[in-house]
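Participant: What follows is a structure written as structure tokens; I'll ask about it next.
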Amino acid sequence: MWVLADSWTIARRTLTHWRNQPGLVIFQWFFPVLMLLMFGGLLGGAMEFPEGSSYYELLVPGIFALAMLFGLEGTMTAVTTDVSKGVTDRFRSLPMSSTAVVLGRCIADMLDSAVTLLVLVATGLALGWRWHEGLPSALAAFGLLLLLRFALLWVGIFIGLTVKNAQSVTMVQVVVWPIGFLSSTFVATSTMPTWLGTIAQWNPLSSTATAARNLFGNPDPSSTATWIGTHAPLAAVIAPLLLTAVFLPLSTHRYRTLSR
Amino acid sequence: MTTETVIEAVGVRKNYRGGREGAGLNGFDLEVTAGTVTGLLGPNGAGKTTAVRILSTLLELDSGTATVAGYDVRRQGAEVRRRIGLVGQYAAIDEVLTGRQNLVMFGRLNHLRNAKGRADELLERFSLTEAAGQAVSKYSGGMRRRLDLAASLIVAPRVLFVDEPTTGLDPAGRLEVRSAVRQLVDGGTTVLLTTQYLEEADQLANRISMLKAGKVVAEGTPDELKTQLGSDRLEIVLADPADVPRVVQLAGSLADGEIRVVDVRVSVPVKDRTKALVVMANSLHEARIEPEDITLRRPTLDEVFLHLTGAEVAA
Ligand SMILES: Nc1ncnc2c1ncn2[C@@H]1O[C@H](COP(=O)(O)OP(=O)(O)O)[C@@H](O)[C@H]1O
Ligand SMILES: [Mg+2]
């Protein structure tokens, strides 16, 4: 099974990057923590919560989902850097399967996201956030979050292979931020104008965040009041699978037919 | 010596989607025999990189056929990739990894048992042992190129493609890389080398194919190409520009083609070298013209190139 061995070699390359540039990767892992602290501090005081509950109950799972979305940027950047530096061409001129290159990227980015989540969980726990439905349920929530990351990974690889240069990545990033914020990640959608709240509720990011809150036993009243919100667990499985079904074949095809 | 053909391209055409009309390759033919170094020489935009990318299976051709090591680049890409090494126009190495980490990774991807041992061997061979532990981002241009060469030699390839190895390097880097390429050549690898530098092709290649607008316009050994252009030239350099018209007139009967004048240099194409020299020297003496210099010379590759392509090449 050379495909697996090759994929691991490619993934290890990213792990070596971490070792060679620890400062950079640690900053990346702690960036979502910064957001958690910032939003917690800025907005936490302005919101009212039932006795015994805090803003972090809503916010922490939201930031988990947001971190999965922002992981997309790392994937895109890594992919375009390799294309523009010719590293991708070298891989393509080697007698190895094209699947390995893409799969290697996938393994590395999933590991990266797992670490990001771990760091966030530790911070959340320190801030008083808790899961209330037992460990298996919490693990299921983490599974859903990583599933979203997995789906977005293929979106990232596809965009990265399509735009091919760093400037365009910056433009894509400008779009990623509103997508992240136009969701139930850190405010209750009931506080938004109705039309905006509806869009935010239908954002796949919201579905994952709401489903995770359900599994953690964290209250999310404004989401459970809507149809899509009550179906969040299902949506949190279906939306990522749909994204994967579209973008996985697209990105492997794009990789094979680069620069035609 | 065997004359086995390792690279063969016949009538290859390639137009880039959305690219300029006529850009790419327009009926590109090439034949490279085993153990030789072929220089693909052409100005910027002639299609050198396009040719290399097609032959190394990175780019699909529109029409025509191309085989490498006997395998069709279009239908048997995997077989081709097993037998080639590619040094692209831009050093394709990971900047964050060290030189050694790069080679070990490429060794593993080539499924070597002892990737580390091979990496050390190659570092030694390309004089990179000292810098082996440094991130590639700290390397000079010449060092990167050498590492790039090493990476493409991890498993001794049947055919090595080297695309413009010295473009963009300073003179010292150029020398470094040329001597590295020459080493490979001495090792007997079949090499297809592209360059826009004539002296590079002249120094490194056994055969040269001159490329213009996606088509090979001349092909042969450097000497063959020089004689293809035809005649030797008698060159007279004058001290006084006022003498130029008279010298042109005197040389008229000797000229076998068009006389060219650049400043005080009169260049006369001639057939019979010795006779031309004697007659010209006599005529000058009788006319009491004292030339700065009078010499016979063969055309340079520069002139061949200029003649065939009408394009300026960097020398
Ligand atoms: N991806 C591309 N899309 C459109 N045109 C291209 C592309 N790559 C190269 N070209 C054009 O094809 C011609 C040949 O390019 P190239 O093979 O890179 O030349 P060389 O390597 O000899 O400088 C040039 O005119 C260039 O502008
Ligand atoms: Mg080129």
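Chain lettering (A, B, ...) mirrors the order of the structure tokens, residue numbering begins at 1 for each chain separately, and ligand numbering begins at 1 in order of display.
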Please check which protein, DNA or RNA residues sit within 7 Å of ligand 2, counting only C-alpha atoms and all ligand atoms, and write them as a list in words.
Facilitator: Asn44, Gly45, Gly47, Lys48, Thr49, Gln89, Asp163 and Glu164 of chain B
Participant: Could those residues be written to a file, using C-alpha atoms, as a CSV table (one decimal), in the first residue's frame?
Facilitator:
```csv
chain,number,residue,atom,x,y,z
B,44,ASN,CA,12.4,33.8,-23.5
B,45,GLY,CA,9.0,32.7,-24.5
B,47,GLY,CA,8.4,27.3,-25.6
B,48,LYS,CA,11.3,25.6,-23.7
B,49,THR,CA,9.5,25.2,-20.5
B,89,GLN,CA,12.7,26.3,-14.0
B,163,ASP,CA,14.9,23.6,-17.4
B,164,GLU,CA,16.9,26.9,-17.5
```
Participant: Step by step, measure atom-to-atom distances between ligand 1 and each residue using only C-alpha atoms and all ligand atoms, keep those at most 10 Å, then write them as JSON, numbers by chain.
Facilitator: {"A": [258, 259, 260], "B": [14, 15, 16, 17, 18, 19, 20, 21, 22, 23, 24, 25, 40, 41, 42, 43, 44, 45, 46, 47, 48, 49, 50, 51, 52, 53, 54, 59, 89, 163, 164, 194, 195, 196, 211, 212, 213, 214]}
Participant: Could you tell me which residues of chain A sit within 9 Å of chain B when counting only C-alpha atoms, and give me the result as a PyMOL selection string?
Facilitator: chain A and resi 2+5-6+9-10+12-13+16-17+20-21+82+85-97+256-260
Participant: Please produce a file of the residues just selected, as a CSV table (one decimal), in the first residue's frame, where the atoms kept are N, CA, C and O atoms.
Facilitator:
```
chain,number,residue,atom,x,y,z
A,2,TRP,N,1.4,1.6,-1.2
A,2,TRP,CA,2.3,2.7,-1.2
A,2,TRP,C,1.5,4.0,-1.0
A,2,TRP,O,2.1,5.0,-0.5
A,5,ALA,N,1.7,4.9,2.6
A,5,ALA,CA,3.0,5.3,3.0
A,5,ALA,C,3.4,6.7,2.5
A,5,ALA,O,3.9,7.5,3.2
A,6,ASP,N,3.0,6.9,1.2
A,6,ASP,CA,3.3,8.2,0.6
A,6,ASP,C,2.5,9.3,1.3
A,6,ASP,O,3.1,10.4,1.5
A,9,THR,N,4.2,10.2,4.4
A,9,THR,CA,5.4,11.0,4.1
A,9,THR,C,5.1,12.4,3.9
A,9,THR,O,5.8,13.3,4.4
A,10,ILE,N,4.0,12.7,3.1
A,10,ILE,CA,3.6,14.0,2.8
A,10,ILE,C,3.1,14.7,4.1
A,10,ILE,O,3.4,15.9,4.4
A,12,ARG,N,4.0,14.0,7.2
A,12,ARG,CA,5.1,14.2,8.0
A,12,ARG,C,5.9,15.5,7.7
A,12,ARG,O,6.5,16.1,8.5
A,13,ARG,N,5.8,15.8,6.4
A,13,ARG,CA,6.4,17.1,6.0
A,13,ARG,C,5.8,18.2,6.8
A,13,ARG,O,6.6,19.1,7.3
A,16,THR,N,7.1,18.3,10.3
A,16,THR,CA,8.4,18.8,10.3
A,16,THR,C,8.4,20.3,10.2
A,16,THR,O,9.2,21.0,10.9
A,17,HIS,N,7.5,20.9,9.5
A,17,HIS,CA,7.3,22.3,9.4
A,17,HIS,C,7.1,22.8,10.9
A,17,HIS,O,7.6,23.9,11.3
A,20,ASN,N,10.2,22.8,12.7
A,20,ASN,CA,11.2,23.9,12.3
A,20,ASN,C,10.7,25.3,12.6
A,20,ASN,O,11.5,26.2,12.7
A,21,GLN,N,9.4,25.5,12.6
A,21,GLN,CA,8.9,26.8,12.9
A,21,GLN,C,7.9,26.8,14.1
A,21,GLN,O,6.7,27.1,13.8
A,82,ASP,N,2.6,25.6,-2.4
A,82,ASP,CA,3.3,24.5,-3.1
A,82,ASP,C,3.1,24.6,-4.6
A,82,ASP,O,4.1,24.3,-5.3
A,85,LYS,N,5.5,27.5,-5.8
A,85,LYS,CA,6.9,27.2,-5.6
A,85,LYS,C,7.4,26.1,-6.5
A,85,LYS,O,8.5,25.7,-6.5
A,86,GLY,N,6.4,25.4,-7.2
A,86,GLY,CA,6.8,24.3,-8.0
A,86,GLY,C,6.9,22.9,-7.3
A,86,GLY,O,7.2,21.9,-7.9
A,87,VAL,N,6.7,23.0,-5.9
A,87,VAL,CA,6.7,21.7,-5.2
A,87,VAL,C,5.7,20.7,-5.7
A,87,VAL,O,5.9,19.5,-5.8
A,88,THR,N,4.5,21.3,-6.0
A,88,THR,CA,3.4,20.4,-6.5
A,88,THR,C,3.9,19.7,-7.8
A,88,THR,O,3.6,18.5,-8.0
A,89,ASP,N,4.5,20.5,-8.7
A,89,ASP,CA,5.0,19.9,-9.9
A,89,ASP,C,6.0,18.8,-9.7
A,89,ASP,O,6.0,17.8,-10.4
A,90,ARG,N,6.9,19.0,-8.7
A,90,ARG,CA,7.8,17.9,-8.4
A,90,ARG,C,7.1,16.7,-8.0
A,90,ARG,O,7.4,15.6,-8.4
A,91,PHE,N,6.1,16.9,-7.1
A,91,PHE,CA,5.3,15.7,-6.6
A,91,PHE,C,4.7,15.0,-7.8
A,91,PHE,O,4.6,13.8,-7.9
A,92,ARG,N,4.1,15.9,-8.7
A,92,ARG,CA,3.4,15.3,-9.9
A,92,ARG,C,4.4,14.6,-10.9
A,92,ARG,O,3.9,13.8,-11.7
A,93,SER,N,5.7,14.9,-10.8
A,93,SER,CA,6.6,14.3,-11.7
A,93,SER,C,7.2,13.0,-11.1
A,93,SER,O,8.0,12.3,-11.7
A,94,LEU,N,6.8,12.7,-9.9
A,94,LEU,CA,7.3,11.5,-9.2
A,94,LEU,C,6.4,10.3,-9.4
A,94,LEU,O,5.2,10.5,-9.7
A,95,PRO,N,7.0,9.1,-9.4
A,95,PRO,CA,6.1,8.0,-9.6
A,95,PRO,C,5.3,7.6,-8.4
A,95,PRO,O,5.3,6.5,-7.9
A,96,MET,N,4.5,8.6,-7.9
A,96,MET,CA,3.6,8.3,-6.8
A,96,MET,C,2.2,8.7,-7.2
A,96,MET,O,2.0,9.5,-8.0
A,97,SER,N,1.2,8.1,-6.4
A,97,SER,CA,-0.2,8.4,-6.8
A,97,SER,C,-0.5,9.8,-6.4
A,97,SER,O,-0.1,10.3,-5.4
A,256,ARG,N,-5.0,16.7,-10.8
A,256,ARG,CA,-4.5,15.9,-12.0
A,256,ARG,C,-4.4,16.7,-13.2
A,256,ARG,O,-3.5,16.4,-14.1
A,257,THR,N,-5.2,17.7,-13.4
A,257,THR,CA,-5.2,18.5,-14.6
A,257,THR,C,-4.6,19.9,-14.4
A,257,THR,O,-4.9,20.8,-15.2
A,258,LEU,N,-3.8,20.1,-13.4
A,258,LEU,CA,-3.2,21.4,-13.1
A,258,LEU,C,-2.5,21.9,-14.4
A,258,LEU,O,-1.9,21.2,-15.1
A,259,SER,N,-2.6,23.2,-14.6
A,259,SER,CA,-1.9,24.0,-15.7
A,259,SER,C,-2.1,23.3,-17.0
A,259,SER,O,-1.1,23.0,-17.7
A,260,ARG,N,-3.3,23.1,-17.4
A,260,ARG,CA,-3.6,22.6,-18.8
A,260,ARG,C,-3.7,23.8,-19.7
A,260,ARG,O,-4.3,24.8,-19.3
```
Participant: Extract, using only C-alpha atoms, all DNA, RNA and protein residues at most 9 Å from range 249-261 of chain B, discarding same-chain residues fewer than 2 positions from it, and format them as a list of chain:residue names.
Facilitator: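 Counting only the stated atoms, we get B:Ser231, B:Val244, B:Pro245, B:Arg246, B:Val247, B:Asp263, B:Val264, B:Arg265, B:Val266, B:Ser267, B:Val268, B:Pro269, B:Val270, B:Lys271, B:Asp272, B:Ala276, B:Val279, B:Met280, B:Ser283, B:Leu284.
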Participant: Using Å and a single decimal, report how far CA of Ala218 in chain B sits from CA of Glu200 in chain B.
Facilitator: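 We find that CA of Glu200 in chain B and CA of Ala218 in chain B lie 17.1 Å from each other.
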Participant: Identify, with DSSP run on backbone atoms, the residues in range 49-256 of chain A assigned to helix (DSSP H, G or I), and express the list as a ChimeraX atom specification.
Facilitator: /A:55-85,87-93,98-126,135-163,166-181,189-191,194-202,204-216,221-224,227-230,232-256
Participant: As a PyMOL selection string, please: the residues near range 112-122 of chain A (cut-off 10 Å, only C-alpha atoms, same-chain neighbours under 5 positions excluded).
Facilitator: chain A and resi 14-15+18+25-26+28-34+36+60-61+63-65+67-68+70-71+74+106-107+127+129-130+142+145-146+149-150
Participant: Of the residues B:Gly187, B:Thr129, B:Val216, B:Ala205, which is the one nearest to Gly11 in chain B, using only C-alpha atoms?
Facilitator: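 When distances to Gly11 in chain B are compared using only C-alpha atoms, the smallest one comes from B:Val216.
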Participant: Which residues are close to Pro136 in chain A, i.e. within 12 Å by only C-alpha atoms, leaving aside same-chain residues fewer than 5 positions away? Reply as a ChimeraX atom specification.
Facilitator: /A:131,141-143,215-216
Participant: Output N, CA and C atoms for every residue in the selection just made, as a compact mmCIF listing (two decimals), in the first residue's frame.
Facilitator:
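Heads up, here's the output in part-v2.txt:
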```
# COMPACT_ATOMS: atom_id res chain seq x y z
N TRP A 131 -19.04 20.32 29.62
CA TRP A 131 -20.05 19.51 28.94
C TRP A 131 -20.85 18.78 30.00
N ALA A 141 -19.69 15.23 19.68
CA ALA A 141 -19.67 16.63 19.28
C ALA A 141 -18.34 16.96 18.59
N PHE A 142 -17.23 16.52 19.19
CA PHE A 142 -15.93 16.77 18.57
C PHE A 142 -15.85 16.10 17.19
N GLY A 143 -16.48 14.93 17.11
CA GLY A 143 -16.53 14.23 15.82
C GLY A 143 -17.21 15.07 14.76
N LEU A 215 -25.13 18.31 22.03
CA LEU A 215 -24.41 17.14 22.53
C LEU A 215 -23.64 17.46 23.81
N PHE A 216 -23.20 18.71 23.95
CA PHE A 216 -22.50 19.10 25.19
C PHE A 216 -23.49 19.40 26.30
```
Participant: Within 12 Å of Thr80 in chain A, counting only C-alpha atoms, which residues qualify if same-chain residues fewer than 4 places away don't, as an MDAnalysis selection string?
Facilitator: chainID A and resid 73:76 84:89 156:170 255 258
Participant: Using CA of Leu152 in chain A and CA of Val246 in chain A as the two end points, give the distance in Å to one decimal.
Facilitator: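 Between these atoms lies a distance of 11.0 Å.
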Participant: Rank B:Ala69, B:Ala119, B:Leu192, B:Ile294 by their smallest atom-to-atom distance to Arg233 in chain B, using only C-alpha atoms, and report the top residue only.
Facilitator: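 For Arg233 in chain B, the nearest of the given residues is B:Ile294.
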Participant: Record the distance separating CA of Ser222 in chain A and CA of Ala151 in chain A, expressed in Å with one decimal.
Facilitator: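 So the answer is 26.0 Å.
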Participant: I'd like the neighbourhood of Thr295 in chain B as a VMD selection string, where a residue qualifies if any of its atoms comes within 9 Å (using only C-alpha atoms), though same-chain residues fewer than 5 positions away should be ignored.
Facilitator: chain B and resid 233 to 237 277
Participant: Please determine, counting only C-alpha atoms, which residue among B:Ala66, B:Gly107, B:Asp186, B:Ser137 has the shortest atom-to-atom distance to Ala150 in chain B.
Facilitator: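 With only C-alpha atoms as the atom set, the closest residue is B:Gly107.
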Participant: DSSP on the backbone: what in range 93-244 of chain B comes out strand (DSSP E), as JSON, numbers by chain?
Facilitator: {"B": [159, 160, 161, 162, 163, 190, 191, 192, 193, 194, 195, 207, 208, 209, 210, 211, 212, 215, 216, 217, 218, 219, 220, 232, 233, 234, 235, 236, 237, 238]}
Participant: List every residue of range 37-132 of chain A that has an atom at most 9 Å from any atom of range 187-201 of chain A, and for each one report the closest atom pair and its distance in Å to one decimal, counting only C-alpha atoms, with rows sorted by chain and then by increasing residue number, as JSON lines.
Facilitator:
```
{"residue": "A:Leu43", "atom": "CA", "partner": "A:Val187", "partner_atom": "CA", "distance": 8.7}
{"residue": "A:Leu58", "atom": "CA", "partner": "A:Val187", "partner_atom": "CA", "distance": 7.9}
{"residue": "A:Leu59", "atom": "CA", "partner": "A:Val187", "partner_atom": "CA", "distance": 7.6}
{"residue": "A:Gly62", "atom": "CA", "partner": "A:Val187", "partner_atom": "CA", "distance": 8.7}
```
Participant: Write the residues you've just listed into a file as a compact mmCIF listing (two decimals), in the first residue's frame, and include N, CA, C and O atoms for each of them.
Facilitator:
```txt
# COMPACT_ATOMS: atom_id res chain seq x y z
N LEU A 43 -18.37 40.72 24.77
CA LEU A 43 -19.81 40.55 24.68
C LEU A 43 -20.43 39.90 25.90
O LEU A 43 -21.62 40.04 26.16
N LEU A 58 -22.54 29.26 25.53
CA LEU A 58 -22.92 29.46 24.13
C LEU A 58 -21.70 29.65 23.24
O LEU A 58 -21.59 29.08 22.15
N LEU A 59 -20.76 30.44 23.77
CA LEU A 59 -19.63 30.88 22.95
C LEU A 59 -18.63 29.77 22.62
O LEU A 59 -18.20 29.63 21.47
N GLY A 62 -19.38 27.57 19.84
CA GLY A 62 -19.39 28.41 18.63
C GLY A 62 -17.99 28.64 18.11
O GLY A 62 -17.72 28.55 16.91
```
